[in-house]
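In what follows, a single structure is set out as structure tokens and then discussed.
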Amino acid sequence: MTLLSVRDLSLAIHGMPILHDVSFDLIPGEVFGLVGESGSGKSMTSLALMQLLPPGARVAGRATMGGEDLLSLPERKMCRIRGNEIGMIFQEPMTALNPVQTIGDQVAETLVIHGAATRSEALSAARSRLDRVGLTADRFPLSRYPHELSGGQRQRVSIAMAIALRPKLLIADEPTTALDVTTQAGILDLLRGLVAEEDMALMLITHDLAVVAGVADQVAVMEAGKIVEAGPTEALFRARRHDYTRRLFAAAAHVPARRPQAREAPLLHVASARRDYALPRPSAFAPPGRLTAVKDVSFTLHKGESLGLVGESGCGKSTLTRAILGLDPLQGGEIRLNGAPVSPTMPRARRAGVQVVFQDPYGSFNPRQKVGRLVAEPFHLAPAPKAEQRDRVAEALSAVGLTPEAASRYIHEFSGGQRQRIAIARALIIRPELIVLDEAVSALDVRVRAQILDLLADLQGRYRLSYLFISHDLGVVRVITDRVMVMRAGEIVEEGETEAVFAAPRHSYTRELLAATPKIPAGWLDG
Amino acid sequence: MLRYLLSRLISLVLSLIVASLVIFAVLQVVPGDPASFMLGMNASPDTMAALREQLGLNGPAPLRYLHWLAGMLHGDFGLSYTYKTPVAQLIAQRAQVSLPLTIYAMALSTLIAIPAGMVAAARRGRASDLAVMGVTQLGIAVPNFWFAMLLVLIFAIRLHWVSSGGFPGWQAGIWPNLVALTLPAIALALPQASILARVMRSALIEALHQDYLRTARAKGLTQGQAIRRHAFRNALIPVLTILGLQFSFLLAGAIIIENVFYLPGLGRLIFQAITQRDLITVQSVVMLLVAAVIVVNFLTDLAYAAVDPRLRRPG
């Protein structure tokens with residue numbers, strides 16, 4: 001009955017313990033969800049089963065599948081098991097495929113490498129597998145290259161590759177984390193369908209409790225390399241016996257305490273904004289085509305207000321954001337901040353009125369500068385004497401919950417959540433009126449995210465800030481904004497008070513987005 | 001693909017035109033009148049004027065530029081002041097040495113460097129990697145003329161396997177020439193191979209860290225299969241860049257090695273032409289070398305497109 005039985009799996013990398021006595025069972029036709037925060041050891045567990053650990057790893061324990069211990073098999077035998085008995089897909093569909101090989105060749109390779117088929121047979125099998133994952137021959141011939149596909153489509157190719165030989169076990173490591181909600185819903189449906197059809201076991205690794213709730217039969221919660229709680233999904237979600245599980249759930253459902261802000265004068269006014277891009281010329285002598293990324297967008301953001309902007313990738317959110325920050329010119333309409341026009345040529349003092357916090361807490365800092373200097377950077381827009389700058393850096397760092405001593409350290413000494421606090425301190429330092437938060441909490445673990453949301457709510461009250469909160473995550477937007485706008489294909493399709501829009505969406509696209517968002521069934525969390 | 005090809009072709013032609021303009025303009029302003037150089041200090045103004053007329057040094061510059069350009073398009077590169085023979089003929093003779101030497105050196109360098117870089121990358125940090133890194137370090141550091149002299153000392157003087165220099169000419173048959181070019185080709189190939197091996201190694205190591213390599217391993221490929229089937233082609237792009245640069249460099253950059261081995265190549269031709277103020281030869285040979293660089297760059301661009309579908313079919 002049991003397909004894979006893991007017992008007392010421990011792992012150390014270069015002597016540093018990563019996993020401690022991890023045990024679980026996988027059953028054919030069932031989905032096993034492994035949830036936990038980043039660094040808890042989820043991915044390492046799966047890589048240990050595949051023997052694809054980084055150099056310096058030492059493994060102990062057993063993982064029995066078909067009478068053999070996966071942890072002690074020699075590399076030669078493991079190569080026969082990988083892709084054949086165990087398929088695996090990863091988080092980043094954009095980089096998981098070889099950019100210089102066609103999708104047909106990449107799917108067929110799984111069969112060829114295991115000697116299961118000749119090249120032509122393998123290609124026809126690849127065709128049928130791609131059909132199965134929803135990439136039909138008319139739109140997705142085998143000769144397509146990865147760069148011609150979207151993220152969701154590439155993830156489907158990865159799945160086709162992983163299931164090409166009908167493995168008994170599929171390991172999916174955060175398969176939908178990088179995808180939009182509607183795309184995520186499609187991929188989760190596909191995975192569920194495959195498990196039922198092929199009587200395959202699926203090990204689903206994710207940080208998202210709601211995804212697990214919708215898909216998994218069994219769940220294990222992992223913290224710091226240990227499974228702290230495991231059991232049937234519904235029972236575990238209802239009981240939440242372990243303290244860590246309770247904290248995880250509380251953080252996921254966390255609503256920051258926001259004082260309602262009296263909405264006063266308009267701060268940011270966007271009127272019929274339009275952004276065009278020139279496309280590559282269709283032929284050398286034809287005029288270049290134009291892509292309108294933002295079409296006729298109008299809205300007003302008031303002082304002290306928190307306005308949400310939601311939409312899926314490619315909808316024009318980022319293009320609009322760049323125009324609001326005065327980084328790109330508009331091709332039509334206008335943007336005004338406190339009545340004065342926003343453009344790439346606006347004076348520095350006006351630029352100082354809007355600051356931004358980006359998604360990636362790792363990529364948005366110069367690693368060779370100390371935090372004090374990083375945080376003081378916006379002073380070039382609003383000069384201040386050195387002594388005052390130092391005081392204000394200390395003040396900003398304290399405001400975001402760090403100590404002033406952090407100024408003399410380097411960015412790599414801080415965790416992701418701390419880095420995002422530093423990014424917020426950098427945005428706060430010249431006391432802007434508006435902070436644009438571009439997916440600012442999307443890369444953070446749930447507990448850290450809850451803390452940052454609290455911090456944002458607190459700072460808004462203290463400094464009378466306005467926020468433009470851009471996110472693909474509807475749950476976050478719901479708890480941190482007063483009003484929300486839904487954007488699709490360059491247009492705002494729905495706008496209104498956040499609660500009203502979420503409770504009774506008017507536009508079909510908003511309804512679609514809400515329906516696709518994974519939710520923990522309401523009854524499971526009572527009590 | 002057609003768009004890419006066309007844009008590369010347009011850039012090729014534009015580069016050639018700009019290069020010819022710059023070369024022509026520079027030679028207009030360099031000091032030294034070829035006519036007075038040829039006739040010596042005591043020539044009468046009349047003879048000077050006659051010679052200038054004969055050399056085509058009179059007349060407005062734009063006209064002379066167009067004349068030069070039109071001539072080159074017909075294969076007429078003018079008459080060398082010093083050799084009194086058509087420059088085209090000189091270049092053709094010298095290219096018979098330089099071109100085979102360059103190709104020989106490139107072939108050696110590629111054949112050594114690609115496998116060495118691959119082994120080093122696949123066995124990173126182990127003995128074979130350290131050996132490759134050590135040898136290539138030495139290959140870059142050692143001046144190639146010194147290495148060339150060492151080769152002469154061992155293979156020509158001690159072992160008498162080959163002669164220490166000279167070039168028999170192709171009428172003597174392929175084999176004696178190949179033998180004559182072997183030591184110079186090795187001397188030229190060593191530093192190039194060292195650079196190329198290091199580029200190959202680092203490009204491959206980078207490719208090995210890509211997510212798609214992990215995907216390949218998860219499909220059941222061995223480390224070796226993953227390198228050959230997935231990492232190699234992705235690592236080729238920086239290697240092609242270096243190969244293109246090296247070809248252009250070797251074509252004219254072999255002056256020292258040509259001198260060590262007494263080879264009548266393009267490098268020596270241009271060196272002699274400069275010292276003798278044979279400006280028409282300098283101008284034409286430089287133009288030819290620039291054209292070679294530009295054409296090789298064009299071919300490199302085509303090779304990129306062959307390797308990388310993102311250039312052929314932008315998504």
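A note on labels: chains of the structure tokens are A, B, ... as shown, every chain counts residues from 1, and ligands are counted from 1 in their shown order.
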
Show me which bits of chain A are within 9 Å of chain B, counting only C-alpha atoms, as an MDAnalysis selection string.
chainID A and resid 50 52 75:76 78:84 86:90 92 95:102 106 109:110 113:114 145:149 158 161:162 281:284

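With only C-alpha atoms as the atoms that count, the residue of A:Ala48, A:Ala273, A:Ile470, A:Val486 with the shortest distance to A:Gly61 is A:Ala48.
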
Contacts of A:Ala394 at 9 Å or less, counting only C-alpha atoms, minus same-chain residues fewer than 4 places along, as a list in words?
Gly372, Gln389, Arg390, Ser398, Ala399, Thr403, Pro404, Glu405, Ala406 and Ala407 of chain A

DSSP on the backbone: which residues in stretch 78-244 of chain B end up as helix (DSSP H, G or I)? Give the answer as a PyMOL selection string.
chain B and resi 87-122+127-141+144-158+170-172+174-208+211-218+223-244
